[in-house]
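Everything below belongs to protein-v2.cif, which stores mmCIF, C-alpha atoms.
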data_query
#
loop_
_atom_site.label_atom_id
_atom_site.label_comp_id
_atom_site.auth_asym_id
_atom_site.auth_seq_id
_atom_site.Cartn_x
_atom_site.Cartn_y
_atom_site.Cartn_z
CA SER A 141 -59.34 -4.18 8.12
CA ALA A 142 -60.29 -7.19 6.01
CA GLY A 143 -57.96 -6.02 3.24
CA PHE A 144 -55.09 -5.60 5.68
CA ALA A 145 -55.73 -9.01 7.22
CA LEU A 146 -55.97 -10.82 3.89
CA GLY A 147 -53.13 -8.89 2.28
CA GLY A 148 -50.82 -9.26 5.25
CA SER A 149 -51.46 -12.98 5.57
CA TRP A 150 -51.08 -13.53 1.83
CA ALA A 151 -47.85 -11.52 1.69
CA LYS A 152 -46.35 -13.40 4.62
CA ALA A 153 -47.25 -16.77 3.06
CA HIS A 154 -46.40 -16.09 -0.59
CA LEU A 155 -43.89 -13.24 -0.63
CA PRO A 156 -41.38 -13.95 2.15
CA HIS A 157 -38.50 -13.13 -0.21
CA MET A 158 -39.88 -9.71 -1.13
CA GLY A 159 -38.77 -6.60 0.75
CA TYR A 160 -41.01 -4.22 2.65
CA TYR A 161 -40.54 -1.42 0.12
CA GLU A 162 -41.62 -3.64 -2.76
CA GLN A 163 -44.65 -4.86 -0.81
CA THR A 164 -45.60 -1.25 -0.05
CA ILE A 165 -45.25 -0.18 -3.69
CA GLY A 166 -47.35 -3.17 -4.79
CA THR A 167 -50.00 -2.42 -2.17
CA PHE A 168 -50.29 1.21 -3.26
CA PHE A 169 -50.31 0.37 -6.96
CA PHE A 170 -52.89 -2.41 -6.87
CA GLY A 171 -54.99 -0.68 -4.20
CA GLY A 172 -55.16 2.41 -6.40
CA LEU A 173 -55.90 0.33 -9.47
CA CYS A 174 -58.75 -1.53 -7.72
CA THR A 175 -60.34 1.64 -6.35
CA LEU A 176 -59.86 3.78 -9.47
CA PRO A 177 -63.33 2.95 -10.88
CA LEU A 178 -64.88 4.37 -7.69
CA ILE A 179 -63.72 7.85 -8.69
CA ALA A 180 -66.90 8.10 -10.76
CA LEU A 181 -68.90 8.04 -7.50
CA VAL A 182 -66.96 10.83 -5.78
CA PRO A 183 -68.74 14.19 -5.76
CA PHE A 184 -65.95 16.61 -6.66
CA GLY A 185 -66.48 20.33 -6.12
CA HIS A 186 -64.56 20.83 -9.34
CA PHE A 187 -62.93 18.45 -11.73
CA PRO A 188 -60.09 17.91 -12.35
CA PRO A 189 -58.60 18.47 -8.90
CA SER A 190 -56.21 21.40 -8.53
CA ALA A 191 -52.45 20.97 -8.75
CA LYS A 192 -52.26 21.90 -5.05
CA SER A 193 -54.67 19.05 -4.15
CA ILE A 194 -52.74 16.55 -6.25
CA ALA A 195 -49.43 17.68 -4.70
CA ALA A 196 -50.89 17.31 -1.19
CA LEU A 197 -52.14 13.79 -2.02
CA ILE A 198 -48.75 12.74 -3.40
CA THR A 199 -46.95 14.22 -0.38
CA VAL A 200 -49.14 12.35 2.11
CA ALA A 201 -48.87 9.10 0.13
CA ALA A 202 -45.09 9.39 -0.29
CA THR A 203 -44.44 10.18 3.36
CA ALA A 204 -46.94 9.21 6.03
CA SER A 205 -48.80 6.43 4.22
CA SER A 206 -45.79 4.72 2.69
CA PHE A 207 -43.86 4.90 5.97
CA ALA A 208 -46.81 3.34 7.82
CA TYR A 209 -47.07 0.51 5.28
CA ILE A 210 -43.35 -0.24 5.51
CA LEU A 211 -43.68 -0.47 9.29
CA TYR A 212 -46.80 -2.62 8.91
CA PHE A 213 -45.09 -5.14 6.62
CA THR A 214 -42.11 -5.21 8.99
CA LEU A 215 -44.51 -6.05 11.82
CA VAL A 216 -46.23 -8.72 9.71
CA ASP A 217 -42.86 -10.37 9.21
CA GLU A 218 -41.83 -10.08 12.85
CA ILE A 219 -45.05 -10.74 14.82
CA GLY A 220 -47.55 -12.03 12.24
CA ALA A 221 -50.48 -10.51 10.37
CA THR A 222 -53.07 -10.83 13.15
CA LYS A 223 -51.00 -8.98 15.72
CA ALA A 224 -49.72 -6.42 13.20
CA LEU A 225 -53.30 -5.57 12.28
CA THR A 226 -53.87 -4.14 15.76
CA THR A 227 -51.97 -1.05 14.60
CA GLU A 228 -54.92 -0.26 12.30
CA PHE A 229 -57.42 -0.50 15.13
CA VAL A 230 -55.59 2.19 17.10
CA VAL A 231 -55.97 4.74 14.27
CA PRO A 232 -59.37 6.06 15.47
CA VAL A 233 -58.01 6.50 19.00
CA VAL A 234 -55.07 8.53 17.67
CA ALA A 235 -57.43 10.56 15.44
CA VAL A 236 -59.60 11.50 18.43
CA ILE A 237 -56.55 12.48 20.47
CA LEU A 238 -55.15 14.59 17.62
CA GLY A 239 -58.57 16.19 17.10
CA TYR A 240 -58.58 17.17 20.77
CA VAL A 241 -55.00 18.45 20.85
CA LEU A 242 -54.75 20.15 17.45
CA LEU A 243 -58.35 21.15 16.68
CA HIS A 244 -59.65 21.57 20.23
CA GLU A 245 -62.49 19.12 19.56
CA ARG A 246 -64.51 17.83 22.48
CA ILE A 247 -64.06 14.21 23.54
CA THR A 248 -67.31 12.46 24.42
CA ALA A 249 -67.98 9.60 26.80
CA VAL A 250 -68.81 7.36 23.83
CA GLN A 251 -65.39 8.11 22.30
CA LEU A 252 -63.67 7.28 25.60
CA LEU A 253 -65.63 4.03 25.84
CA GLY A 254 -64.76 3.19 22.22
CA ALA A 255 -61.09 3.91 22.85
CA ALA A 256 -61.14 1.66 25.92
CA VAL A 257 -62.74 -1.19 23.96
CA ILE A 258 -60.19 -0.81 21.15
CA LEU A 259 -57.22 -0.72 23.52
CA ILE A 260 -58.48 -3.70 25.55
CA GLY A 261 -58.98 -5.63 22.31
CA CYS A 262 -55.43 -4.84 21.21
CA ILE A 263 -54.05 -5.88 24.59
CA LEU A 264 -55.91 -9.20 24.34
CA VAL A 265 -54.78 -9.88 20.75
CA LEU A 266 -51.19 -8.95 21.53
CA GLU A 267 -51.37 -11.01 24.72
CA LEU A 268 -49.75 -8.20 26.72
CA GLY A 269 -49.61 -8.99 30.39
CA VAL A 270 -49.24 -12.73 29.73
CA PRO A 271 -46.19 -13.84 31.74
CA GLY A 272 -43.28 -14.89 29.55
CA HIS A 273 -44.84 -13.60 26.34
CA GLN A 274 -42.34 -12.36 23.73
CA LEU A 275 -43.92 -8.92 23.22
CA ASP A 276 -43.98 -8.36 26.98
CA GLN A 277 -40.27 -9.14 27.17
CA ASP A 278 -39.51 -6.80 24.22
CA VAL A 279 -41.52 -3.93 25.77
CA THR A 280 -39.93 -4.26 29.22
CA ALA A 281 -36.42 -4.62 27.75
CA HIS A 282 -36.62 -1.14 26.17
#

Can you present the structure in this file as structure tokens?
Amino acid sequence: SAGFALGGSWAKAHLPHMGYYEQTIGTFFFGGLCTLPLIALVPFGHFPPSAKSIAALITVAATASSFAYILYFTLVDEIGATKALTTEFVVPVVAVILGYVLLHERITAVQLLGAAVILIGCILVLELGVPGHQLDQDVTAH
């Protein structure tokens, strides 16, 4: 979250001329470069990883992750870094829902409470429900 907040704010302030695709490529490249030394701490079952594992990683990065980053940088530009960051806070809520639907995992009371806290926090940050607020008008217009 801190990395998203700092990176989003920095990108909005210093890279307004750069497109979302370029920002996403830069984020992936430098994020990978910064975390590469941590590979020494990862307990691999076997090294090097299989071609199937590498292909799966590239597929996820090239599709889901890159698409999410492009949307994130679009949101940073349109609504600001603080409000765009709320998309990251909803990830655990979506993960729990997908775990329930796809993997038939049990949802606990603590998870429901956590989801409520996250969603209330997002509503407060986004100022949803505030009369005349821009996001409220955009949501009701669609």

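Distances to Thr222 (chain A) were evaluated for A:Ala255, A:Cys174, A:Leu266, A:Ala235 using only C-alpha atoms, and the minimum falls at A:Leu266.
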
- Two-atom distance - CA of Phe184 (chain A), CA of Leu197 (chain A) (Å):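 Spanning CA of Phe184 (chain A) to CA of Leu197 (chain A) is a straight-line distance of 14.8 Å.
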
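Of the listed residues (A:Ala151, A:Met158, A:Leu259, A:Ile165), A:Leu259 comes nearest to Thr226 (chain A); the distances count all atoms listed in the file.
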
- Note on the structure: Between CA of Thr164 (chain A) and CA of Tyr209 (chain A) lies a distance of 5.8 Å

- Message: One decimal, in Å: what's the spacing between CA of Tyr212 (chain A) and CA of Glu228 (chain A)?
- Response: 9.1 Å

- Task: Go through A:Gly166, A:Gly220, A:Gly185, A:Pro177 one by one, measure the shortest atom-to-atom distance of each to Lys152 (chain A) using only C-alpha atoms, and give the residue with the smallest value.
- Result: A:Gly220

- Task: Report as a ChimeraX atom specification the residues that result from applying the PyMOL selection byres ((chain A and resi 263) around 12) to the structure here.
- Result: /A:223,226-227,229-230,256-262,264-270,275-276

- May I have the residues within 10 Å of Ser206 (chain A) as a ChimeraX atom specification, using all atoms listed in the file and disregarding those fewer than 2 positions away in the same chain? /A:161,164-165,167-168,200-204,208-212
